[in-house]
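For reference, the structure discussed in these notes is given below.
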Amino acid sequence: MDGETGNNGLKQITLAAYAKLNLTLDILRKRPDGYHDLRMVMQSISLHDDVSVRETEDGSIRCRSSLPYLSQGSGNLAVKAAECFFQQTGLPRRGLEITLDKRIPIGAGMAGGSSDGAAVLQVLRRWYAPRMPQEELERIGLLVGSDVPFCLRGGTALAEGRGERLTELPPLPPCHLVLCKPTFSISTAELFGSLAGKKLRLHPDTAGVLEALERQDLKALCRRFYNVFEEVLPNRYREVQDIKRRLLDCGAQATLMTGSGSTVYGVFEDADEAQRCYERLRADYPLSYRELPIQSIR
Ligand code: C5P
């Protein structure tokens with residue numbers, strides 16, 4: 001810990017905040033509180049932001065980032081997380097300067113903001129409440145955003161309820177991931193809103209995915225990746241389908257939009273095939289990535 005305290009007595013640390021992908025996303029029902037009950041299989045991946053937290057003496061919580069248009073106040077989940085932490089624990093509020101080196105694209109369905117918030121919560125527990133149980137940290141995380149509890153745990157998990165009821169799962173078998181974010185972003189709230197009055201025809205075979213994870217059968221998994229949002233995606237977002245087609249043409253075993261989009265990814269068994277696909281997509285889409293699933297985030 002005391003590698004984290006400078007000569008001035010103020011602490012500072014930098015943590016990686018990992019992105020997630022949905023292997024499945026199912027919407028079960030709309031709840032009286034306006035949220036939806038979901039069932040999702042989520043996976044942490046190697047793509048990450050770097051989150052630095054530094055104590056300051058002025059008592060304010062500030063955030064700056066490598067993307068100048070991101071909120072510097074509580075509209076930024078990193079700041080909201082710090083504010084929730086002090087409110088919920090009743091601990092005296094400290095001055096903090098949070099710096100986000102963003103690599104996870106915004107509005108991309110990869111929980112970039114939630115992951116930054118989760119990293120801040122982890123730092124604050126470590127510094128100010130080291131005996132706080134994981135469940136309590138996850139309860140505070142849910143006040144910050146529905147994906148924050150998963151981002152606090154990472155790995156491979158079944159997420160139910162709003163996303164906070166987590167069951168750890170066996171890892172995704174070794175594979176290579178190519179991700180591509182179209183030029184547009186999709187608002188999560190807007191996409192949930194567009195479900196009103198629509199009946200979903202198809203649902204993922206979540207039980208089949210859980211079995212295939214148990215058996216470590218990548219081919220069976222790839223046949224079952226499914227996200228119900230793809231069915232209700234407004235026509236103006238059809239580029240999602242174009243990218244899926246391109247990933248398949250390059251040899252992807254499965255392609256899926258993650259979360260509420262707009263990022264699309266492809267799963268490859270072969271590293272060279274993934275690399276060639278990445279290079280082809282990158283020529284048209286600057287926000288293309290070649291990544292790996294990861295199991296341990298801390
Ligand atoms: O919890 P979070 O702020 O990330 O959610 C963003 C929006 O997504 C919510 O305002 C809600 O419209 C929608 N949402 C939902 N059901 C969930 C998670 C999110 O309806 N389980």
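Letters A, B, ... mark the chains of the structure tokens in the order given; residue numbers begin at 1 per chain; ligand numbers begin at 1, in order shown.
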Protein and nucleic acid residues within 7 Å of ligand 1 (only C-alpha atoms and all ligand atoms) as JSON, numbers by chain:
{"A": [34, 35, 36, 37, 38, 145, 146, 147, 161, 162, 163, 188, 189, 192, 193]}
Selected residues written out with N, CA and C atoms, as an mmCIF file, in the first residue's frame:
data_model
loop_
_atom_site.group_PDB
_atom_site.id
_atom_site.type_symbol
_atom_site.label_atom_id
_atom_site.label_comp_id
_atom_site.auth_asym_id
_atom_site.auth_seq_id
_atom_site.Cartn_x
_atom_site.Cartn_y
_atom_site.Cartn_z
ATOM 1 N N GLY A 34 -38.985 0.648 -14.121
ATOM 2 C CA GLY A 34 -38.574 1.211 -15.414
ATOM 3 C C GLY A 34 -37.385 0.481 -16.035
ATOM 4 N N TYR A 35 -36.632 -0.250 -15.227
ATOM 5 C CA TYR A 35 -35.528 -1.057 -15.780
ATOM 6 C C TYR A 35 -36.088 -2.355 -16.358
ATOM 7 N N HIS A 36 -35.220 -3.124 -16.991
ATOM 8 C CA HIS A 36 -35.616 -4.428 -17.539
ATOM 9 C C HIS A 36 -34.858 -5.529 -16.807
ATOM 10 N N ASP A 37 -35.547 -6.666 -16.611
ATOM 11 C CA ASP A 37 -34.835 -7.847 -16.103
ATOM 12 C C ASP A 37 -34.124 -8.497 -17.277
ATOM 13 N N LEU A 38 -32.833 -8.710 -17.099
ATOM 14 C CA LEU A 38 -31.983 -9.218 -18.181
ATOM 15 C C LEU A 38 -31.412 -10.569 -17.783
ATOM 16 N N GLY A 145 -24.324 2.263 -11.834
ATOM 17 C CA GLY A 145 -24.808 1.811 -13.142
ATOM 18 C C GLY A 145 -24.979 0.305 -13.149
ATOM 19 N N SER A 146 -25.857 -0.182 -14.041
ATOM 20 C CA SER A 146 -26.229 -1.600 -14.033
ATOM 21 C C SER A 146 -25.061 -2.536 -14.335
ATOM 22 N N ASP A 147 -24.073 -2.063 -15.118
ATOM 23 C CA ASP A 147 -22.948 -2.937 -15.482
ATOM 24 C C ASP A 147 -21.794 -2.872 -14.479
ATOM 25 N N GLY A 161 -31.163 -10.066 -13.283
ATOM 26 C CA GLY A 161 -31.752 -8.879 -12.674
ATOM 27 C C GLY A 161 -31.433 -7.696 -13.575
ATOM 28 N N ARG A 162 -31.071 -6.554 -12.987
ATOM 29 C CA ARG A 162 -30.607 -5.422 -13.816
ATOM 30 C C ARG A 162 -29.232 -5.688 -14.390
ATOM 31 N N GLY A 163 -28.565 -6.720 -13.864
ATOM 32 C CA GLY A 163 -27.192 -7.032 -14.260
ATOM 33 C C GLY A 163 -26.337 -7.286 -13.033
ATOM 34 N N THR A 188 -28.033 3.563 -24.823
ATOM 35 C CA THR A 188 -28.647 2.398 -24.169
ATOM 36 C C THR A 188 -30.097 2.699 -23.809
ATOM 37 N N ALA A 189 -30.338 3.873 -23.212
ATOM 38 C CA ALA A 189 -31.694 4.208 -22.770
ATOM 39 C C ALA A 189 -32.626 4.266 -23.985
ATOM 40 N N PHE A 192 -33.404 0.646 -25.208
ATOM 41 C CA PHE A 192 -34.390 0.008 -24.326
ATOM 42 C C PHE A 192 -35.770 0.622 -24.585
ATOM 43 N N GLY A 193 -35.802 1.948 -24.774
ATOM 44 C CA GLY A 193 -37.072 2.650 -25.031
ATOM 45 C C GLY A 193 -37.726 2.139 -26.307
#
Can you check which residues of stretch 145-223 of chain A DSSP gives as helix (DSSP H, G or I) on the backbone and send them as an MDAnalysis selection string?
chainID A and resid 148:153 188:193 206:215 218:222
Under the rule of at most 8 Å, produce a per-residue listing of stretch 42-97 of chain A near stretch 101-114 of chain A: chain, number, name, the closest pair of atoms, and the distance in Å, as JSON lines, using only C-alpha atoms.
{"residue": "A:Leu47", "atom": "CA", "partner": "A:Ile104", "partner_atom": "CA", "distance": 6.6}
{"residue": "A:His48", "atom": "CA", "partner": "A:Ile104", "partner_atom": "CA", "distance": 6.0}
{"residue": "A:Asp49", "atom": "CA", "partner": "A:Lys102", "partner_atom": "CA", "distance": 4.8}
{"residue": "A:Asp50", "atom": "CA", "partner": "A:Asp101", "partner_atom": "CA", "distance": 5.0}
{"residue": "A:Val51", "atom": "CA", "partner": "A:Asp101", "partner_atom": "CA", "distance": 6.4}
{"residue": "A:Ser65", "atom": "CA", "partner": "A:Asp101", "partner_atom": "CA", "distance": 5.9}
{"residue": "A:Ser66", "atom": "CA", "partner": "A:Asp101", "partner_atom": "CA", "distance": 5.3}
{"residue": "A:Leu67", "atom": "CA", "partner": "A:Lys102", "partner_atom": "CA", "distance": 7.0}
{"residue": "A:Asn76", "atom": "CA", "partner": "A:Gly113", "partner_atom": "CA", "distance": 7.2}
{"residue": "A:Leu77", "atom": "CA", "partner": "A:Gly113", "partner_atom": "CA", "distance": 5.6}
{"residue": "A:Ala78", "atom": "CA", "partner": "A:Gly113", "partner_atom": "CA", "distance": 7.1}
How would the residues just chosen look if you wrote them out with N, CA, C and O atoms as a short mmCIF file (atom, residue, chain, number, x, y, z; two decimals), in the first residue's frame?
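See result.cif below for the written result:
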data_model
loop_
_atom_site.label_atom_id
_atom_site.label_comp_id
_atom_site.auth_asym_id
_atom_site.auth_seq_id
_atom_site.Cartn_x
_atom_site.Cartn_y
_atom_site.Cartn_z
N LEU A 47 -8.97 -5.28 -23.83
CA LEU A 47 -9.06 -3.83 -24.09
C LEU A 47 -9.36 -3.10 -22.78
O LEU A 47 -10.29 -3.49 -22.06
N HIS A 48 -8.60 -2.07 -22.47
CA HIS A 48 -8.81 -1.39 -21.18
C HIS A 48 -8.44 0.09 -21.22
O HIS A 48 -7.63 0.51 -22.05
N ASP A 49 -9.07 0.83 -20.32
CA ASP A 49 -8.66 2.21 -20.02
C ASP A 49 -7.66 2.15 -18.88
O ASP A 49 -7.64 1.17 -18.12
N ASP A 50 -6.85 3.21 -18.72
CA ASP A 50 -6.04 3.34 -17.51
C ASP A 50 -6.67 4.41 -16.64
O ASP A 50 -6.89 5.54 -17.10
N VAL A 51 -6.97 4.06 -15.41
CA VAL A 51 -7.64 4.98 -14.48
C VAL A 51 -6.65 5.33 -13.38
O VAL A 51 -6.21 4.45 -12.63
N SER A 65 -9.84 13.64 -18.80
CA SER A 65 -9.64 12.44 -19.60
C SER A 65 -8.98 12.79 -20.91
O SER A 65 -8.91 13.95 -21.29
N SER A 66 -8.52 11.73 -21.60
CA SER A 66 -7.90 11.93 -22.90
C SER A 66 -8.94 12.33 -23.94
O SER A 66 -8.58 12.67 -25.06
N LEU A 67 -10.25 12.27 -23.62
CA LEU A 67 -11.30 12.69 -24.55
C LEU A 67 -11.93 13.96 -23.99
O LEU A 67 -12.67 13.90 -23.01
N ASN A 76 -19.92 11.80 -15.38
CA ASN A 76 -18.89 10.80 -15.66
C ASN A 76 -18.96 9.73 -14.57
O ASN A 76 -18.91 10.05 -13.38
N LEU A 77 -19.09 8.46 -14.97
CA LEU A 77 -19.32 7.40 -13.97
C LEU A 77 -18.15 7.26 -12.99
O LEU A 77 -18.33 6.78 -11.88
N ALA A 78 -16.95 7.72 -13.38
CA ALA A 78 -15.81 7.66 -12.46
C ALA A 78 -16.06 8.62 -11.28
O ALA A 78 -15.79 8.28 -10.12
#
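Nearest residue to A:Met40, choosing from A:Ala157, A:Ala19, A:Val144, A:Cys151 and counting only C-alpha atoms: A:Ala157.
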Write out as a ChimeraX atom specification each polymer residue whose atoms come within 12 Å of A:Phe86, counting only C-alpha atoms; drop sequence neighbours fewer than 2 positions from it.
/A:61,79-84,88-96,120-121,124-125,128-129,137,140
Every residue of stretch 75-286 of chain A that DSSP places in strand (DSSP E or B), as a PyMOL selection string
chain A and resi 95-101+156-161+165-168+176-180+226-227+254-257+264-268
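Pairwise distance (atom CA of A:Ser194, atom CA of A:Phe225) equals 22.2 Å.
Distances here use only C-alpha atoms; by that measure, the residue among A:Met42, A:Leu172, A:Ile297, A:Cys63 closest to A:Glu211 is A:Leu172.
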Provide the atom CA of A:Met257 to atom CA of A:Leu21 distance in Å, to one decimal place.
8.7 Å
Residue among A:Ile13, A:Leu195, A:Ala220, A:Val264 lying closest to A:Tyr237, counting only C-alpha atoms:
A:Val264
Any idea what's packed within 10 Å of stretch 285-294 of chain A, counting only C-alpha atoms, ignoring anything in its chain fewer than 6 positions away? Could you give it as a PyMOL selection string?
chain A and resi 18-21+43-47+103-105+154-156+171-183+243+263-267+271+274-275+277-279
